[in-house]
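One structure is given below, encoded as structure tokens.
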Amino acid sequence: MRRGRFITLEGGEGAGKSTQLQTVAACLTAAGIPFLTTREPGGTPRAEAIRSLLLSPGEAEPMASETELLLMFAARAQHVKQRIAPALAAGTWVLCDRFTDATRAYQGGGRGLDLSQIEALAGWVHGDCWPDLTLLLDVPAVQGLARAEKRSAKDRIEQEALAFFERVRAHYLAQAAAEPERFRVIDAAPAEATVTAQVTATVEAFLAQEGAHD
Ligand code: T5A
């Protein structure tokens with residue numbers, strides 16, 4: 001049986017990942033491909049419990065950046081072992097809202113943690129389980145934050161200053177430039193219908209490249 005493909009959506013706050021995950025799902029459904037959708041941090045009951053710890057605001061005790069990094073990878077270890085790796089091995093495609101590229105961008109670019117330590121943790125936690133395709137939804141930080149703010153109250157990470165999210169964006173764009181074979185950068189600033197059309201075209205091209213319509 002051929003391994004499933006691993007597709008991730010990345011981007012800053014309010015870039016439209018959750019919205020566009022539905023577009024990718026619709027493309028896979030139309031192509032008759034079995035898939036599951038999931039998200040990080042989270043994706044299993046234990047990993048979702050870690051997500052709450054990571055994102056709940058208002059704690060009197062600040063969270064150290066190192067704690068944040070290790071909790072991201074603790075949730076990921078559970079998610080990869082329990083859900084992602086078994087699905088891919090069974091031929092099911094996995095469609096995930098964020099993965100290790102988010103750690104590189106937020107904890108590496110945003111927090112300024114040592115990138116070589118992030119790579120070491122990634123190698124330990126998920127080895128060569130990397131996405132086959134990553135859609136980077138790129139939007140100016142201020143525009144994405146305004147969308148996210150309109151939708152819901154700020155979580156712990158969303159309370160960071162604008163400069164933090166500008167570093168995250170710059171880091172994502174640098175990652176995409178460094179790995180052009182895996183990343184596709186989508187301009188996520190226009191209206192939703194325009195972004196949906198770009199995402200659909202990108203996923204269709206990937207399906208054709210993978211021979212997934214055969
Ligand atoms: N994190 C995560 C790390 O720091 N390190 C890590 O390793 C990982 C995995 C949680 C947080 O954790 C951090 C990053 C995050 O701070 P999350 O749950 O993905 O990650 O949280 P957010 O990025 O905050 O998710 P959002 O739901 O805010 O953003 P989305 O999913 O990108 O945006 P979406 O689709 O919910 O859209 C937001 C709003 O905008 C509208 C939507 O209708 C919605 O109201 N919208 C548009 N409006 C206008 N034009 C468009 N084109 C639009 N597209 C969507």
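Just remember, in the structure tokens the first chain shown is A, the second B, etc., residues are 1-based per chain, and ligands are 1-based in the order shown.
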
Using only C-alpha atoms, determine which residues lie at most 7 Å from segment 178-186 of chain A, disregarding the query and same-chain residues fewer than 3 positions distant; provide the list as a PyMOL selection string. chain A and resi 132-138+174-175+198

Take the residues from that selection and put them in a file with C-alpha atoms, as a compact mmCIF listing (two decimals), in the first residue's frame.
```txt
# COMPACT_ATOMS: atom_id res chain seq x y z
CA ASP A 132 4.93 16.49 1.45
CA LEU A 133 3.22 19.80 0.76
CA THR A 134 2.96 22.94 2.89
CA LEU A 135 0.65 25.81 1.98
CA LEU A 136 1.92 29.00 3.57
CA LEU A 137 -0.95 31.49 3.81
CA ASP A 138 0.87 34.79 3.86
CA ALA A 174 12.48 32.54 4.77
CA GLN A 175 11.56 28.89 5.34
CA GLN A 198 -5.43 30.03 -5.36
```

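The residue set within 8 Å of Ser65 of chain A, counting only C-alpha atoms and dropping same-chain residues fewer than 4 places from it, reads Leu69, Gln107, Arg111 and Leu113 of chain A.
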
Residues contacting ligand 1 - anything with an atom at most 6 Å away, using only C-alpha atoms and all ligand atoms - can you give me those as a ChimeraX atom specification? /A:12-19,40-41,72,98-100,102-103,106-107,147-148,151,157-158,188-192,195

I need the chosen residues saved as a PDB file, in the first residue's frame, with C-alpha atoms.
```
ATOM      1  CA  GLY A  12       0.382  33.771  11.082  1.00  0.00           C
ATOM      2  CA  GLU A  13      -2.657  34.497  13.215  1.00  0.00           C
ATOM      3  CA  GLY A  14      -5.894  34.884  11.249  1.00  0.00           C
ATOM      4  CA  ALA A  15      -4.232  34.014   7.932  1.00  0.00           C
ATOM      5  CA  GLY A  16      -7.207  31.772   7.087  1.00  0.00           C
ATOM      6  CA  LYS A  17      -5.757  28.306   7.738  1.00  0.00           C
ATOM      7  CA  SER A  18      -8.914  26.842   9.290  1.00  0.00           C
ATOM      8  CA  THR A  19     -11.004  28.350   6.493  1.00  0.00           C
ATOM      9  CA  GLU A  40      -1.521  21.433  16.168  1.00  0.00           C
ATOM     10  CA  PRO A  41      -1.005  21.900  18.965  1.00  0.00           C
ATOM     11  CA  MET A  72       4.706  22.046  21.573  1.00  0.00           C
ATOM     12  CA  ARG A  98       0.170  23.733  11.586  1.00  0.00           C
ATOM     13  CA  PHE A  99       3.142  21.438  12.303  1.00  0.00           C
ATOM     14  CA  THR A 100       6.870  21.875  13.038  1.00  0.00           C
ATOM     15  CA  ALA A 102       5.064  26.723  13.167  1.00  0.00           C
ATOM     16  CA  THR A 103       7.583  25.895  15.888  1.00  0.00           C
ATOM     17  CA  TYR A 106       7.022  31.078  16.452  1.00  0.00           C
ATOM     18  CA  GLN A 107       9.529  29.637  18.913  1.00  0.00           C
ATOM     19  CA  ARG A 147      -9.228  39.144  11.491  1.00  0.00           C
ATOM     20  CA  ALA A 148      -8.400  36.921  14.466  1.00  0.00           C
ATOM     21  CA  ARG A 151     -13.429  36.310  15.517  1.00  0.00           C
ATOM     22  CA  ILE A 157       0.200  33.739  22.277  1.00  0.00           C
ATOM     23  CA  GLU A 158      -2.050  36.219  20.452  1.00  0.00           C
ATOM     24  CA  ALA A 188      -3.874  35.322   1.835  1.00  0.00           C
ATOM     25  CA  ALA A 189      -4.542  39.080   1.963  1.00  0.00           C
ATOM     26  CA  PRO A 190      -7.337  39.253  -0.669  1.00  0.00           C
ATOM     27  CA  ALA A 191     -10.989  38.328  -0.126  1.00  0.00           C
ATOM     28  CA  GLU A 192     -11.760  34.738   0.827  1.00  0.00           C
ATOM     29  CA  VAL A 195      -7.656  32.884  -1.684  1.00  0.00           C
TER      30      VAL A 195
END
```

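Picture a line from atom CA of Ala201 of chain A to atom CA of Arg39 of chain A; it runs 22.7 Å.
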
Show me, as a short mmCIF file (atom, residue, chain, number, x, y, z; two decimals) with N, CA, C and O atoms, in the first residue's frame, the residues that have an atom within 12 Å of Thr92 of chain A when counting only C-alpha atoms, minus same-chain residues fewer than 2 positions from it.
```cif
data_model
loop_
_atom_site.label_atom_id
_atom_site.label_comp_id
_atom_site.auth_asym_id
_atom_site.auth_seq_id
_atom_site.Cartn_x
_atom_site.Cartn_y
_atom_site.Cartn_z
N MET A 1 0.83 -1.20 0.00
CA MET A 1 0.00 0.00 0.00
C MET A 1 0.87 1.26 0.00
O MET A 1 1.86 1.33 0.72
N ARG A 2 0.49 2.25 -0.81
CA ARG A 2 1.29 3.47 -0.86
C ARG A 2 0.96 4.37 0.35
O ARG A 2 -0.21 4.53 0.71
N ARG A 3 2.02 4.89 0.96
CA ARG A 3 1.86 5.79 2.10
C ARG A 3 0.97 6.98 1.71
O ARG A 3 1.03 7.47 0.57
N GLY A 4 0.14 7.45 2.66
CA GLY A 4 -0.64 8.65 2.42
C GLY A 4 0.27 9.86 2.31
O GLY A 4 1.45 9.80 2.67
N ARG A 5 -0.25 10.97 1.84
CA ARG A 5 0.56 12.20 1.78
C ARG A 5 0.16 13.11 2.94
O ARG A 5 -0.99 13.12 3.38
N PHE A 6 1.16 13.88 3.35
CA PHE A 6 1.02 14.74 4.53
C PHE A 6 1.00 16.19 4.03
O PHE A 6 1.99 16.66 3.45
N ILE A 7 -0.13 16.86 4.24
CA ILE A 7 -0.28 18.25 3.79
C ILE A 7 -0.51 19.15 5.00
O ILE A 7 -1.35 18.84 5.85
N LEU A 28 -9.68 17.01 -1.96
CA LEU A 28 -9.36 15.59 -1.73
C LEU A 28 -10.63 14.74 -1.84
O LEU A 28 -10.61 13.65 -2.42
N GLY A 32 -11.63 11.64 -4.48
CA GLY A 32 -11.87 10.29 -3.92
C GLY A 32 -10.73 9.80 -3.04
O GLY A 32 -10.51 8.59 -2.90
N ILE A 33 -10.00 10.73 -2.43
CA ILE A 33 -8.84 10.37 -1.59
C ILE A 33 -9.26 10.28 -0.12
O ILE A 33 -9.85 11.22 0.40
N PRO A 34 -8.94 9.16 0.56
CA PRO A 34 -9.25 9.08 1.99
C PRO A 34 -8.31 9.97 2.79
O PRO A 34 -7.10 9.94 2.58
N PHE A 35 -8.85 10.77 3.69
CA PHE A 35 -7.99 11.69 4.46
C PHE A 35 -8.60 11.94 5.83
O PHE A 35 -9.78 11.69 6.06
N LEU A 36 -7.77 12.44 6.73
CA LEU A 36 -8.27 12.97 7.99
C LEU A 36 -7.77 14.40 8.14
O LEU A 36 -6.73 14.76 7.58
N THR A 37 -8.53 15.19 8.89
CA THR A 37 -8.09 16.56 9.17
C THR A 37 -7.75 16.66 10.66
O THR A 37 -8.40 16.03 11.50
N ARG A 83 -1.66 9.35 15.88
CA ARG A 83 -2.60 9.67 14.81
C ARG A 83 -1.97 9.83 13.43
O ARG A 83 -2.41 9.19 12.48
N ILE A 84 -0.94 10.68 13.33
CA ILE A 84 -0.44 11.01 12.00
C ILE A 84 0.28 9.82 11.37
O ILE A 84 -0.06 9.41 10.24
N ALA A 85 1.25 9.26 12.07
CA ALA A 85 2.04 8.17 11.47
C ALA A 85 1.17 6.95 11.13
O ALA A 85 1.30 6.40 10.03
N PRO A 86 0.27 6.51 12.04
CA PRO A 86 -0.58 5.36 11.67
C PRO A 86 -1.45 5.64 10.45
O PRO A 86 -1.62 4.76 9.60
N ALA A 87 -1.98 6.85 10.35
CA ALA A 87 -2.84 7.17 9.20
C ALA A 87 -2.03 7.12 7.91
O ALA A 87 -2.44 6.48 6.92
N LEU A 88 -0.87 7.75 7.89
CA LEU A 88 -0.04 7.77 6.67
C LEU A 88 0.35 6.34 6.27
O LEU A 88 0.30 5.99 5.09
N ALA A 89 0.69 5.53 7.27
CA ALA A 89 1.09 4.14 6.99
C ALA A 89 -0.07 3.35 6.39
O ALA A 89 0.15 2.43 5.59
N ALA A 90 -1.30 3.72 6.76
CA ALA A 90 -2.48 3.01 6.26
C ALA A 90 -2.95 3.56 4.91
O ALA A 90 -3.98 3.14 4.39
N VAL A 94 -3.13 12.98 5.39
CA VAL A 94 -3.31 13.77 6.62
C VAL A 94 -3.23 15.24 6.25
O VAL A 94 -2.27 15.69 5.62
N LEU A 95 -4.24 15.96 6.68
CA LEU A 95 -4.36 17.39 6.39
C LEU A 95 -4.31 18.10 7.74
O LEU A 95 -5.23 17.96 8.54
#
```

Which parts of segment 7-179 of chain A does DSSP call alpha helix (DSSP H) when run on the backbone here, written out as number ranges by chain? A: 17-30, 45-55, 65-79, 85-89, 100-103, 115-126, 141-151, 162-178
